[in-house]
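This is target_0.tsv (TSV, C-alpha atoms and all ligand atoms).
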```tsv
chain	number	residue	atom	x	y	z
A	1	MET	CA	0.00	0.00	0.00
A	2	VAL	CA	1.26	3.49	-0.80
A	3	VAL	CA	0.32	6.44	1.41
A	4	VAL	CA	0.85	9.90	-0.07
A	5	LEU	CA	1.00	12.65	2.57
A	6	GLU	CA	-0.27	16.19	2.16
A	7	LYS	CA	2.20	18.90	1.12
A	8	ASN	CA	2.01	20.78	4.40
A	9	VAL	CA	2.01	17.73	6.67
A	10	SER	CA	3.55	18.26	10.11
A	11	ASP	CA	6.17	15.99	11.73
A	12	LYS	CA	3.63	15.05	14.38
A	13	GLN	CA	1.11	13.97	11.74
A	14	ILE	CA	3.76	11.90	9.91
A	15	GLU	CA	4.67	10.15	13.16
A	16	ASN	CA	1.01	9.46	13.85
A	17	VAL	CA	0.42	7.91	10.39
A	18	ILE	CA	3.54	5.74	10.73
A	19	LYS	CA	2.45	4.60	14.17
A	20	HIS	CA	-0.99	3.60	12.86
A	21	LEU	CA	0.53	1.66	9.96
A	22	GLU	CA	2.91	-0.17	12.30
A	23	ASP	CA	0.11	-0.95	14.72
A	24	PHE	CA	-1.82	-2.51	11.81
A	25	GLY	CA	1.22	-4.71	11.18
A	26	PHE	CA	2.82	-2.96	8.22
A	27	ALA	CA	6.55	-2.30	7.84
A	28	VAL	CA	6.91	1.35	6.81
A	29	HIS	CA	9.40	2.91	4.39
A	30	LYS	CA	9.45	6.68	4.17
A	31	SER	CA	10.63	8.45	1.04
A	32	THR	CA	10.75	12.18	0.48
A	33	GLY	CA	9.75	13.24	-3.02
A	34	VAL	CA	10.18	16.66	-4.63
A	35	GLU	CA	6.88	17.92	-3.27
A	36	GLN	CA	5.38	15.24	-1.06
A	37	ILE	CA	6.36	12.54	1.39
A	38	ILE	CA	5.37	9.01	0.47
A	39	LEU	CA	5.06	6.11	2.89
A	40	GLY	CA	5.35	2.58	1.54
A	41	ALA	CA	3.38	0.21	3.79
A	42	ILE	CA	4.65	-3.32	3.30
A	43	GLY	CA	2.63	-6.38	4.27
A	44	VAL	CA	-0.02	-8.45	2.51
A	45	LYS	CA	-3.42	-7.73	4.05
A	46	PRO	CA	-6.11	-8.35	1.42
A	47	ASN	CA	-8.91	-7.37	3.81
A	48	PHE	CA	-7.35	-4.13	4.99
A	49	ASP	CA	-9.79	-1.22	4.81
A	50	THR	CA	-7.68	1.63	3.40
A	51	ARG	CA	-10.12	4.17	4.83
A	52	GLN	CA	-8.52	3.50	8.22
A	53	ILE	CA	-5.48	5.40	6.93
A	54	LYS	CA	-7.30	7.76	4.55
A	55	ILE	CA	-9.07	9.49	7.45
A	56	LEU	CA	-5.89	10.36	9.36
A	57	ASP	CA	-4.78	13.99	9.41
A	58	GLY	CA	-2.03	14.73	6.89
A	59	VAL	CA	-2.95	11.90	4.49
A	60	ALA	CA	-3.70	12.94	0.88
A	61	GLU	CA	-4.20	9.56	-0.87
A	62	VAL	CA	-3.93	5.85	-0.19
A	63	TYR	CA	-3.31	3.36	-3.01
A	64	ARG	CA	-3.70	-0.36	-2.68
A	65	ILE	CA	-1.16	-2.46	-4.57
A	66	THR	CA	-2.24	-6.02	-3.82
A	67	GLU	CA	-5.73	-7.00	-4.94
A	68	PRO	CA	-8.38	-7.85	-2.35
A	69	PHE	CA	-9.37	-10.94	-4.35
A	70	LYS	CA	-6.84	-13.73	-4.11
A	71	LEU	CA	-7.99	-17.06	-5.57
A	72	ALA	CA	-9.56	-15.25	-8.56
A	73	SER	CA	-6.43	-13.25	-9.33
A	74	ARG	CA	-3.91	-13.73	-12.09
A	75	SER	CA	-1.12	-13.29	-9.57
A	76	PHE	CA	-2.37	-16.35	-7.67
A	77	LYS	CA	-2.77	-18.48	-10.82
A	78	LYS	CA	-0.96	-17.51	-14.03
A	79	GLU	CA	-2.56	-19.93	-16.50
A	80	ASN	CA	-6.12	-19.52	-17.74
A	81	THR	CA	-8.71	-21.65	-15.99
A	82	GLU	CA	-10.19	-24.17	-18.39
A	83	ILE	CA	-13.52	-25.68	-17.43
A	84	LYS	CA	-14.15	-29.04	-19.05
A	85	ILE	CA	-17.71	-30.30	-19.17
A	86	LYS	CA	-18.11	-33.51	-21.16
A	87	ASP	CA	-16.55	-32.63	-24.54
A	88	VAL	CA	-16.79	-28.85	-24.14
A	89	VAL	CA	-13.93	-26.72	-22.79
A	90	ILE	CA	-14.65	-23.18	-21.62
A	91	GLY	CA	-11.66	-20.87	-21.29
A	92	GLY	CA	-9.49	-22.64	-23.87
A	93	ASN	CA	-8.83	-21.65	-27.47
A	94	GLU	CA	-12.38	-22.30	-28.57
A	95	VAL	CA	-15.06	-19.62	-28.22
A	96	VAL	CA	-18.14	-21.41	-26.88
A	97	MET	CA	-21.71	-20.47	-27.79
A	98	MET	CA	-24.52	-20.73	-25.22
A	99	ALA	CA	-27.90	-20.01	-26.76
A	100	GLY	CA	-31.59	-20.53	-26.17
A	101	PRO	CA	-34.71	-18.76	-25.04
A	102	CYS	CA	-34.92	-16.44	-22.07
A	103	SER	CA	-37.41	-18.82	-20.42
A	104	VAL	CA	-38.40	-22.40	-21.02
A	105	GLU	CA	-42.08	-22.00	-21.96
A	106	ASN	CA	-43.31	-25.39	-23.19
A	107	GLU	CA	-42.06	-28.59	-24.84
A	108	ASP	CA	-42.56	-27.48	-28.46
A	109	GLN	CA	-40.76	-24.18	-27.90
A	110	ILE	CA	-37.67	-25.54	-26.13
A	111	PHE	CA	-37.27	-28.44	-28.59
A	112	ALA	CA	-37.63	-26.08	-31.57
A	113	VAL	CA	-35.06	-23.63	-30.19
A	114	ALA	CA	-32.65	-26.40	-29.15
A	115	GLU	CA	-32.72	-27.78	-32.68
A	116	ILE	CA	-32.10	-24.35	-34.22
A	117	VAL	CA	-29.15	-23.48	-31.98
A	118	ALA	CA	-27.55	-26.94	-32.20
A	119	LYS	CA	-27.74	-26.88	-35.99
A	120	SER	CA	-25.82	-23.60	-36.10
A	121	GLY	CA	-23.05	-24.82	-33.76
A	122	ALA	CA	-24.07	-23.83	-30.21
A	123	LYS	CA	-22.68	-26.17	-27.54
A	124	ILE	CA	-24.81	-25.16	-24.59
A	125	LEU	CA	-28.58	-24.67	-24.30
A	126	ARG	CA	-29.73	-21.84	-22.06
A	127	GLY	CA	-33.23	-21.32	-20.67
A	128	GLY	CA	-34.65	-20.13	-17.39
A	129	ALA	CA	-36.93	-22.34	-15.32
A	130	PHE	CA	-36.76	-20.03	-12.30
A	131	LYS	CA	-36.90	-16.43	-13.52
A	132	PRO	CA	-35.83	-13.32	-11.60
A	133	ARG	CA	-38.43	-10.88	-12.98
A	134	THR	CA	-38.56	-7.22	-12.09
A	135	SER	CA	-42.32	-7.50	-11.65
A	136	PRO	CA	-43.92	-10.18	-9.47
A	137	TYR	CA	-46.81	-10.25	-11.98
A	138	SER	CA	-44.58	-11.32	-14.91
A	139	PHE	CA	-44.05	-14.96	-15.91
A	140	GLN	CA	-41.90	-16.54	-13.20
A	141	GLY	CA	-40.83	-19.70	-15.05
A	142	LEU	CA	-42.08	-23.30	-15.15
A	143	GLY	CA	-39.94	-24.47	-12.23
A	144	GLU	CA	-39.06	-28.19	-12.15
A	145	GLU	CA	-41.18	-28.88	-15.24
A	146	GLY	CA	-39.00	-26.36	-17.11
A	147	LEU	CA	-35.82	-28.08	-15.91
A	148	LYS	CA	-37.07	-31.43	-17.18
A	149	LEU	CA	-37.94	-30.04	-20.60
A	150	LEU	CA	-34.63	-28.20	-20.86
A	151	ARG	CA	-32.63	-31.36	-20.05
A	152	LYS	CA	-34.64	-33.48	-22.47
A	153	ALA	CA	-34.25	-31.00	-25.31
A	154	ALA	CA	-30.52	-30.57	-24.64
A	155	ASP	CA	-29.92	-34.32	-24.55
A	156	LYS	CA	-31.79	-34.83	-27.79
A	157	PHE	CA	-29.54	-32.36	-29.63
A	158	ASN	CA	-26.32	-33.20	-27.77
A	159	LEU	CA	-26.11	-29.88	-25.94
A	160	LEU	CA	-25.07	-29.02	-22.40
A	161	VAL	CA	-27.48	-27.14	-20.12
A	162	ILE	CA	-27.09	-23.82	-18.32
A	163	THR	CA	-29.92	-22.49	-16.16
A	164	GLU	CA	-30.33	-19.97	-13.37
A	165	VAL	CA	-30.40	-20.75	-9.66
A	166	MET	CA	-31.99	-17.97	-7.60
A	167	GLU	CA	-31.72	-19.30	-4.06
A	168	SER	CA	-29.88	-21.90	-2.02
A	169	ALA	CA	-33.01	-24.01	-1.55
A	170	GLN	CA	-33.08	-24.66	-5.33
A	171	ILE	CA	-29.49	-25.93	-5.61
A	172	SER	CA	-30.04	-29.67	-5.13
A	173	LEU	CA	-33.05	-29.76	-7.48
A	174	ILE	CA	-31.39	-27.78	-10.26
A	175	GLU	CA	-28.15	-29.73	-9.90
A	176	GLU	CA	-29.99	-32.88	-11.03
A	177	TYR	CA	-30.73	-31.27	-14.39
A	178	THR	CA	-28.02	-28.77	-15.23
A	179	ASP	CA	-24.37	-28.82	-16.31
A	180	ILE	CA	-23.76	-25.20	-15.31
A	181	PHE	CA	-25.44	-23.05	-12.67
A	182	GLN	CA	-26.12	-19.49	-13.76
A	183	VAL	CA	-26.08	-16.83	-11.06
A	184	GLY	CA	-28.05	-13.87	-12.40
A	185	ALA	CA	-27.06	-10.23	-12.23
A	186	ARG	CA	-29.55	-9.57	-9.45
A	187	ASN	CA	-27.99	-12.28	-7.29
A	188	MET	CA	-24.32	-11.44	-7.84
A	189	GLN	CA	-24.04	-10.31	-4.25
A	190	ASN	CA	-26.31	-12.92	-2.70
A	191	PHE	CA	-23.42	-14.08	-0.56
A	192	SER	CA	-25.19	-16.99	1.11
A	193	LEU	CA	-26.12	-18.37	-2.34
A	194	LEU	CA	-22.51	-17.91	-3.53
A	195	ARG	CA	-21.17	-19.68	-0.45
A	196	ASP	CA	-23.55	-22.61	-0.91
A	197	LEU	CA	-22.70	-22.88	-4.62
A	198	GLY	CA	-19.03	-22.92	-3.64
A	199	LYS	CA	-19.68	-26.17	-1.81
A	200	THR	CA	-21.00	-27.89	-4.95
A	201	SER	CA	-18.87	-29.34	-7.75
A	202	THR	CA	-21.01	-28.08	-10.64
A	203	PRO	CA	-19.49	-25.28	-12.77
A	204	ILE	CA	-20.93	-21.81	-12.21
A	205	MET	CA	-21.39	-18.80	-14.47
A	206	LEU	CA	-21.49	-15.62	-12.40
A	207	LYS	CA	-23.15	-12.71	-14.16
A	208	ARG	CA	-22.01	-9.20	-13.39
A	209	GLY	CA	-24.38	-7.21	-11.16
A	210	LEU	CA	-26.26	-4.26	-12.64
A	211	SER	CA	-24.08	-1.76	-10.82
A	212	ALA	CA	-21.11	-3.87	-9.84
A	213	THR	CA	-17.53	-2.78	-10.39
A	214	VAL	CA	-15.09	-5.36	-11.74
A	215	GLU	CA	-13.65	-5.59	-8.24
A	216	ASP	CA	-17.10	-6.29	-6.70
A	217	TRP	CA	-17.64	-8.96	-9.35
A	218	LEU	CA	-14.30	-10.67	-8.70
A	219	MET	CA	-14.92	-10.53	-4.95
A	220	SER	CA	-18.19	-12.40	-5.56
A	221	ALA	CA	-16.28	-15.02	-7.57
A	222	GLU	CA	-13.93	-15.22	-4.60
A	223	TYR	CA	-16.88	-16.28	-2.38
A	224	ILE	CA	-17.45	-19.31	-4.62
A	225	LEU	CA	-13.77	-20.16	-5.07
A	226	SER	CA	-12.96	-19.87	-1.38
A	227	ASN	CA	-15.69	-22.36	-0.56
A	228	GLY	CA	-14.06	-24.98	-2.76
A	229	ASN	CA	-15.62	-24.79	-6.23
A	230	LYS	CA	-12.90	-23.72	-8.68
A	231	GLU	CA	-15.03	-24.01	-11.84
A	232	VAL	CA	-16.18	-20.42	-12.10
A	233	MET	CA	-16.70	-18.37	-15.25
A	234	LEU	CA	-17.78	-14.74	-15.36
A	235	CYS	CA	-20.37	-13.15	-17.64
A	236	GLU	CA	-20.46	-9.50	-18.71
A	237	ARG	CA	-24.13	-8.69	-19.36
A	238	GLY	CA	-24.14	-4.91	-19.34
A	239	ILE	CA	-24.27	-2.43	-16.51
A	240	ARG	CA	-26.72	0.31	-15.69
A	241	THR	CA	-25.69	3.78	-16.82
A	242	PHE	CA	-27.50	7.02	-17.71
A	243	GLU	CA	-27.92	5.83	-21.32
A	244	THR	CA	-31.46	4.81	-22.25
A	245	PHE	CA	-31.20	3.80	-25.93
A	246	THR	CA	-30.07	0.35	-24.84
A	247	ARG	CA	-31.39	-1.73	-21.93
A	248	ASN	CA	-27.95	-1.65	-20.30
A	249	THR	CA	-24.52	-0.44	-21.38
A	250	PHE	CA	-22.33	-3.26	-22.62
A	251	ASP	CA	-18.99	-2.86	-20.84
A	252	LEU	CA	-16.80	-4.47	-23.46
A	253	SER	CA	-13.61	-3.24	-21.85
A	254	ALA	CA	-14.43	-5.40	-18.84
A	255	ILE	CA	-13.42	-8.41	-20.96
A	256	PRO	CA	-9.71	-7.50	-21.34
A	257	VAL	CA	-9.72	-5.92	-17.87
A	258	VAL	CA	-10.85	-9.18	-16.26
A	259	HIS	CA	-8.51	-11.25	-18.42
A	260	LYS	CA	-5.59	-9.22	-17.15
A	261	ARG	CA	-6.60	-9.40	-13.49
A	262	SER	CA	-8.03	-12.90	-13.36
A	263	HIS	CA	-7.51	-16.39	-14.80
A	264	LEU	CA	-11.26	-17.09	-14.96
A	265	PRO	CA	-13.02	-17.38	-18.35
A	266	VAL	CA	-15.22	-14.47	-19.43
A	267	ILE	CA	-18.48	-14.98	-21.32
A	268	ALA	CA	-20.32	-12.04	-22.92
A	269	ASP	CA	-24.09	-11.67	-23.12
A	270	PRO	CA	-25.00	-9.08	-25.79
A	271	SER	CA	-28.73	-9.91	-25.45
A	272	HIS	CA	-29.26	-8.61	-21.91
A	273	ALA	CA	-26.60	-5.95	-22.45
A	274	THR	CA	-28.45	-4.27	-25.31
A	275	GLY	CA	-32.04	-5.50	-24.90
A	276	LEU	CA	-32.78	-5.11	-28.62
A	277	ARG	CA	-32.31	-7.83	-31.22
A	278	ASP	CA	-30.82	-5.59	-33.90
A	279	LYS	CA	-27.94	-4.69	-31.55
A	280	VAL	CA	-27.07	-8.27	-30.65
A	281	LEU	CA	-25.11	-9.19	-33.79
A	282	PRO	CA	-22.72	-6.19	-33.83
A	283	MET	CA	-22.06	-6.48	-30.10
A	284	ALA	CA	-21.53	-10.24	-30.34
A	285	ARG	CA	-18.90	-9.60	-33.01
A	286	ALA	CA	-17.29	-6.95	-30.82
A	287	ALA	CA	-17.25	-9.22	-27.75
A	288	VAL	CA	-15.46	-12.00	-29.61
A	289	ALA	CA	-13.00	-9.47	-31.01
A	290	ALA	CA	-12.41	-8.23	-27.45
A	291	GLY	CA	-11.46	-11.74	-26.36
A	292	ALA	CA	-14.62	-13.23	-24.85
A	293	ASP	CA	-14.25	-16.97	-24.18
A	294	GLY	CA	-17.88	-17.53	-25.04
A	295	LEU	CA	-21.16	-15.85	-25.84
A	296	MET	CA	-24.59	-16.18	-24.32
A	297	VAL	CA	-27.36	-15.21	-26.74
A	298	GLU	CA	-31.15	-15.39	-26.51
A	299	VAL	CA	-32.92	-17.06	-29.43
A	300	HIS	CA	-36.62	-17.80	-29.89
A	301	ASN	CA	-38.57	-19.65	-32.58
A	302	ASP	CA	-41.45	-17.15	-32.25
A	303	PRO	CA	-40.17	-14.07	-30.36
A	304	GLU	CA	-43.41	-12.10	-30.75
A	305	LYS	CA	-45.12	-14.64	-28.52
A	306	ALA	CA	-42.23	-15.07	-26.05
A	307	LEU	CA	-43.23	-14.94	-22.38
A	308	SER	CA	-40.09	-12.97	-21.52
A	309	ASP	CA	-37.49	-10.86	-23.35
A	310	GLY	CA	-39.02	-11.34	-26.84
A	311	PRO	CA	-37.65	-8.01	-28.19
A	312	GLN	CA	-34.06	-9.08	-27.59
A	313	ALA	CA	-34.44	-12.66	-28.86
A	314	LEU	CA	-32.86	-13.44	-32.22
A	315	LEU	CA	-34.92	-15.06	-34.96
A	316	PRO	CA	-33.56	-18.44	-36.09
A	317	GLU	CA	-32.03	-17.08	-39.30
A	318	GLN	CA	-30.43	-14.18	-37.41
A	319	PHE	CA	-28.79	-16.64	-35.06
A	320	GLU	CA	-27.45	-18.65	-37.97
A	321	ASP	CA	-25.99	-15.49	-39.46
A	322	LEU	CA	-24.48	-14.46	-36.12
A	323	MET	CA	-22.73	-17.83	-35.76
A	324	LYS	CA	-21.19	-17.49	-39.21
A	325	GLN	CA	-19.96	-13.97	-38.52
A	326	VAL	CA	-18.53	-14.51	-35.03
A	327	LYS	CA	-16.75	-17.63	-36.27
A	328	LEU	CA	-14.91	-15.46	-38.80
A	329	ILE	CA	-13.95	-12.96	-36.10
A	330	ALA	CA	-12.72	-15.78	-33.84
A	331	GLU	CA	-10.47	-17.06	-36.64
A	332	VAL	CA	-9.01	-13.61	-37.24
A	333	ILE	CA	-7.75	-13.53	-33.64
A	334	GLY	CA	-6.44	-17.08	-33.78
A	335	ARG	CA	-9.32	-18.83	-32.03
A	336	LYS	CA	-11.78	-21.47	-33.05
A	337	MET	CA	-15.53	-21.51	-32.80
A	401	LIG	C1	-30.96	-14.38	-17.88
A	401	LIG	O1	-29.88	-14.63	-18.46
A	401	LIG	O2	-31.94	-15.08	-18.00
A	401	LIG	C2	-31.05	-13.19	-17.01
A	401	LIG	C3	-32.10	-13.00	-16.22
A	401	LIG	O3	-30.02	-12.36	-17.13
A	401	LIG	P1	-29.46	-11.24	-16.10
A	401	LIG	O4	-29.31	-11.91	-14.77
A	401	LIG	O5	-28.14	-10.89	-16.73
A	401	LIG	O6	-30.43	-10.12	-16.11
A	402	MN	MN	-33.69	-12.87	-20.61
```
Mind converting the file's structure to structure tokens?
Ligand code: PEP
Ligand code: MN
Amino acid sequence: MVVVLEKNVSDKQIENVIKHLEDFGFAVHKSTGVEQIILGAIGVKPNFDTRQIKILDGVAEVYRITEPFKLASRSFKKENTEIKIKDVVIGGNEVVMMAGPCSVENEDQIFAVAEIVAKSGAKILRGGAFKPRTSPYSFQGLGEEGLKLLRKAADKFNLLVITEVMESAQISLIEEYTDIFQVGARNMQNFSLLRDLGKTSTPIMLKRGLSATVEDWLMSAEYILSNGNKEVMLCERGIRTFETFTRNTFDLSAIPVVHKRSHLPVIADPSHATGLRDKVLPMARAAVAAGADGLMVEVHNDPEKALSDGPQALLPEQFEDLMKQVKLIAEVIGRKM
């Protein structure tokens, strides 16, 4: 940690800051710059609250050098984490497509969409059976019946399954049907859910919270990792900003930012990020170009009648086109799809 002192700091204030740092267990090195005195506080304390120093008289700025997340960090593990599920590897050279409807609605719908996405090269079927809806009056999902249909449709077309878990009480039921647990944006900081998922051995995709910083997001991944489950991937799905022309603002730069800081795979979801189907293709291309290890895209056989997120669902032929285009982008950057 680096502590920059104010220009007019008194000797007494300097002594006081040094004493506090030493009492917290840091070794302190003082260096006098041209204009300001800088204290180097040495000691690894990932949980240290820097405000404890920031509030002292004479302190101008405090900068943390070590990251508060440990198991998720690139400094802890240099090589990329690869998550192998049956014959699919997430986080390797291949860019993996997860696609399907927002919600599982009925047997005909999920089988039709599974066939469409499998034919175009998707490896993983998505679909919510338990839906986190903003309104309690909106369709909440089919529950266990939805899980059964999703599994059956995926098995028929040789796809893996990803579906959302909203609360700890659902873990054991959903685990029977899914290959990957999805933690939705609204649950990114549901710490008891994260802790309980950390005790399972099923891979987890952790979506970024609506107003979460990258650090918040990685700290949430840390909850899962520190409870034992190392198969964690992250998903950038847009964050809330002042912009209203899209549902959220797709934070594409989060992809290389996370890749630098963390060894965990990063998936990108241009459907929830933009909320409009005509924006999904360009942003999917951009996400692959930015280095995403996979995409999650909503597709529907009849979006006008969809029970949730119809306006952002791709039509079958749009999905086919998207697959062709992102495959080309992947090849340009030396990856496969
Ligand atoms: C979803 O993928 O079904 C979903 C609800 O997304 P998010 O949590 O990103 O809003
Ligand atoms: Mn959706």
Residue nearest ligand LIG 401 (chain A) - candidates A:Gln13, A:Ser75, A:Asn229, A:Ser211, atoms counted: all atoms listed in the file: A:Ser211
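In this comparison, which uses only C-alpha atoms, the residue of A:Ser308, A:Val117, A:Lys327, A:Ile333 approaching Ser138 in chain A most closely is A:Ser308.
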Listing only residues of chain A within 6 Å of ligand LIG 401 (chain A), what is the closest atom pair and its distance in Å (to one decimal) for each, using all atoms listed in the file, sorted by chain and residue number ascending, as a Markdown table?
```
| residue | atom | partner | partner_atom | distance |
| --- | --- | --- | --- | --- |
| A:Cys102 | CA | A:LIG401 | O2 | 5.2 |
| A:Gly128 | CA | A:LIG401 | O2 | 5.8 |
| A:Pro132 | CA | A:LIG401 | C3 | 5.9 |
| A:Gly184 | CA | A:LIG401 | O4 | 3.3 |
| A:Ala185 | CA | A:LIG401 | O4 | 3.8 |
| A:Arg186 | CA | A:LIG401 | O4 | 5.8 |
| A:Lys207 | CA | A:LIG401 | O5 | 5.9 |
| A:Arg237 | CA | A:LIG401 | O5 | 5.3 |
| A:His272 | CA | A:LIG401 | O5 | 5.8 |
```
Nearby residues, ligand MN 402 (chain A), 12 Å, all atoms listed in the file, as a ChimeraX atom specification: /A:99-104,126-134,139-141,163-164,184-185,237,247,269-277,296-300,303,306-314
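Comparing A:Ile171, A:Leu264, A:Val17, A:Ile37 by their smallest distance to Ile90 in chain A, the closest is A:Leu264 (using all atoms listed in the file).
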Polymer residues at most 12 Å from Thr202 in chain A, all atoms listed in the file, same-chain spacing of 5 or more positions, as a ChimeraX atom specification: /A:83-85,161-163,165,171-172,174-182,196-197,224,228-233
Exercise: Leu71 in chain A partners within 8 Å, all atoms listed in the file, chain neighbours under 2 positions left out, as a ChimeraX atom specification: /A:69,73,76-77,222,225-226
Residues near Asp155 in chain A, cut-off 12 Å, all atoms listed in the file, skip fewer than 4 positions along chain, as a ChimeraX atom specification: /A:110-111,114-115,118,123-125,148-151,159-161,177-179
Selected residue, from A:Leu142, A:Asp293, A:Glu167, A:Met1, that lies nearest to Asn93 in chain A when counting all atoms listed in the file: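 Ranked by minimum distance to Asn93 in chain A, first place goes to A:Asp293.
Rounded to one decimal, CA of Leu315 in chain A and CA of Gly121 in chain A lie 15.4 Å from each other.
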Atom pair CA of Lys324 in chain A / CA of Ile267 in chain A: separation (Å):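 If I compute the distance from CA of Lys324 in chain A to CA of Ile267 in chain A, I get 18.3 Å.
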Atom pair CA of Met219 in chain A / CA of Lys70 in chain A: separation (Å): 8.7 Å
Counting all atoms listed in the file, write as a compact mmCIF listing (two decimals) with C-alpha atoms, in the coordinates of the input all protein and nucleic acid residues lying at most 12 Å from (-2.3, -1.6, 0.5) in the file's frame.
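Everything below was put into out-v9.txt:
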```txt
# COMPACT_ATOMS: atom_id res chain seq x y z
CA MET A 1 0.00 0.00 0.00
CA VAL A 2 1.26 3.49 -0.80
CA VAL A 3 0.32 6.44 1.41
CA VAL A 4 0.85 9.90 -0.07
CA LEU A 21 0.53 1.66 9.96
CA PHE A 24 -1.82 -2.51 11.81
CA GLY A 25 1.22 -4.71 11.18
CA PHE A 26 2.82 -2.96 8.22
CA ALA A 27 6.55 -2.30 7.84
CA VAL A 28 6.91 1.35 6.81
CA LEU A 39 5.06 6.11 2.89
CA GLY A 40 5.35 2.58 1.54
CA ALA A 41 3.38 0.21 3.79
CA ILE A 42 4.65 -3.32 3.30
CA GLY A 43 2.63 -6.38 4.27
CA VAL A 44 -0.02 -8.45 2.51
CA LYS A 45 -3.42 -7.73 4.05
CA PRO A 46 -6.11 -8.35 1.42
CA ASN A 47 -8.91 -7.37 3.81
CA PHE A 48 -7.35 -4.13 4.99
CA ASP A 49 -9.79 -1.22 4.81
CA THR A 50 -7.68 1.63 3.40
CA ARG A 51 -10.12 4.17 4.83
CA GLN A 52 -8.52 3.50 8.22
CA ILE A 53 -5.48 5.40 6.93
CA LYS A 54 -7.30 7.76 4.55
CA GLU A 61 -4.20 9.56 -0.87
CA VAL A 62 -3.93 5.85 -0.19
CA TYR A 63 -3.31 3.36 -3.01
CA ARG A 64 -3.70 -0.36 -2.68
CA ILE A 65 -1.16 -2.46 -4.57
CA THR A 66 -2.24 -6.02 -3.82
CA GLU A 67 -5.73 -7.00 -4.94
CA PRO A 68 -8.38 -7.85 -2.35
```
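Closest approach to Asp57 in chain A from the set A:Val258, A:Ile14, A:Met337, A:Ile329 is made by A:Ile14, with distances taken over only C-alpha atoms.
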Got a sec: who's within 9 Å of Asn80 in chain A, counting all atoms listed in the file, leaving out chain neighbours fewer than 4 positions off, as an mmCIF file with C-alpha atoms, in the coordinates of the input?
```
data_model
loop_
_atom_site.group_PDB
_atom_site.id
_atom_site.type_symbol
_atom_site.label_atom_id
_atom_site.label_comp_id
_atom_site.auth_asym_id
_atom_site.auth_seq_id
_atom_site.Cartn_x
_atom_site.Cartn_y
_atom_site.Cartn_z
ATOM 1 C CA ARG A 74 -3.910 -13.730 -12.090
ATOM 2 C CA GLY A 91 -11.660 -20.870 -21.290
ATOM 3 C CA GLY A 92 -9.490 -22.640 -23.870
ATOM 4 C CA HIS A 259 -8.510 -11.250 -18.420
ATOM 5 C CA SER A 262 -8.030 -12.900 -13.360
ATOM 6 C CA HIS A 263 -7.510 -16.390 -14.800
ATOM 7 C CA LEU A 264 -11.260 -17.090 -14.960
ATOM 8 C CA PRO A 265 -13.020 -17.380 -18.350
#
```
Distance criterion (only C-alpha atoms): nearest to Arg261 in chain A out of A:Leu218, A:Ile18, A:Leu206, A:Met323: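 Checking each of A:Leu218, A:Ile18, A:Leu206, A:Met323 against Arg261 in chain A, counting only C-alpha atoms, the winner is A:Leu218.
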Complete the atom set of range 164-172 of chain A to N, CA, C and O atoms and return it as an mmCIF file, keeping the file's coordinate frame.
```cif
data_model
loop_
_atom_site.group_PDB
_atom_site.id
_atom_site.type_symbol
_atom_site.label_atom_id
_atom_site.label_comp_id
_atom_site.auth_asym_id
_atom_site.auth_seq_id
_atom_site.Cartn_x
_atom_site.Cartn_y
_atom_site.Cartn_z
ATOM 1 N N GLU A 164 -30.555 -20.834 -14.552
ATOM 2 C CA GLU A 164 -30.330 -19.970 -13.370
ATOM 3 C C GLU A 164 -30.821 -20.585 -12.062
ATOM 4 O O GLU A 164 -31.900 -21.169 -11.992
ATOM 5 N N VAL A 165 -30.006 -20.388 -11.032
ATOM 6 C CA VAL A 165 -30.400 -20.750 -9.660
ATOM 7 C C VAL A 165 -30.563 -19.433 -8.910
ATOM 8 O O VAL A 165 -29.690 -18.576 -8.931
ATOM 9 N N MET A 166 -31.725 -19.259 -8.269
ATOM 10 C CA MET A 166 -31.990 -17.970 -7.600
ATOM 11 C C MET A 166 -31.790 -18.016 -6.102
ATOM 12 O O MET A 166 -31.644 -16.975 -5.464
ATOM 13 N N GLU A 167 -31.877 -19.223 -5.522
ATOM 14 C CA GLU A 167 -31.720 -19.300 -4.060
ATOM 15 C C GLU A 167 -31.155 -20.655 -3.656
ATOM 16 O O GLU A 167 -31.290 -21.636 -4.403
ATOM 17 N N SER A 168 -30.553 -20.683 -2.483
ATOM 18 C CA SER A 168 -29.880 -21.900 -2.020
ATOM 19 C C SER A 168 -30.810 -23.112 -2.007
ATOM 20 O O SER A 168 -30.392 -24.222 -2.323
ATOM 21 N N ALA A 169 -32.074 -22.885 -1.663
ATOM 22 C CA ALA A 169 -33.010 -24.010 -1.550
ATOM 23 C C ALA A 169 -33.231 -24.709 -2.899
ATOM 24 O O ALA A 169 -33.704 -25.845 -2.929
ATOM 25 N N GLN A 170 -32.880 -24.044 -4.007
ATOM 26 C CA GLN A 170 -33.080 -24.660 -5.330
ATOM 27 C C GLN A 170 -31.867 -25.466 -5.804
ATOM 28 O O GLN A 170 -31.948 -26.172 -6.815
ATOM 29 N N ILE A 171 -30.745 -25.357 -5.094
ATOM 30 C CA ILE A 171 -29.490 -25.930 -5.610
ATOM 31 C C ILE A 171 -29.598 -27.425 -5.902
ATOM 32 O O ILE A 171 -29.272 -27.882 -7.002
ATOM 33 N N SER A 172 -30.082 -28.207 -4.931
ATOM 34 C CA SER A 172 -30.040 -29.670 -5.130
ATOM 35 C C SER A 172 -30.988 -30.093 -6.250
ATOM 36 O O SER A 172 -30.673 -30.994 -7.024
#
```
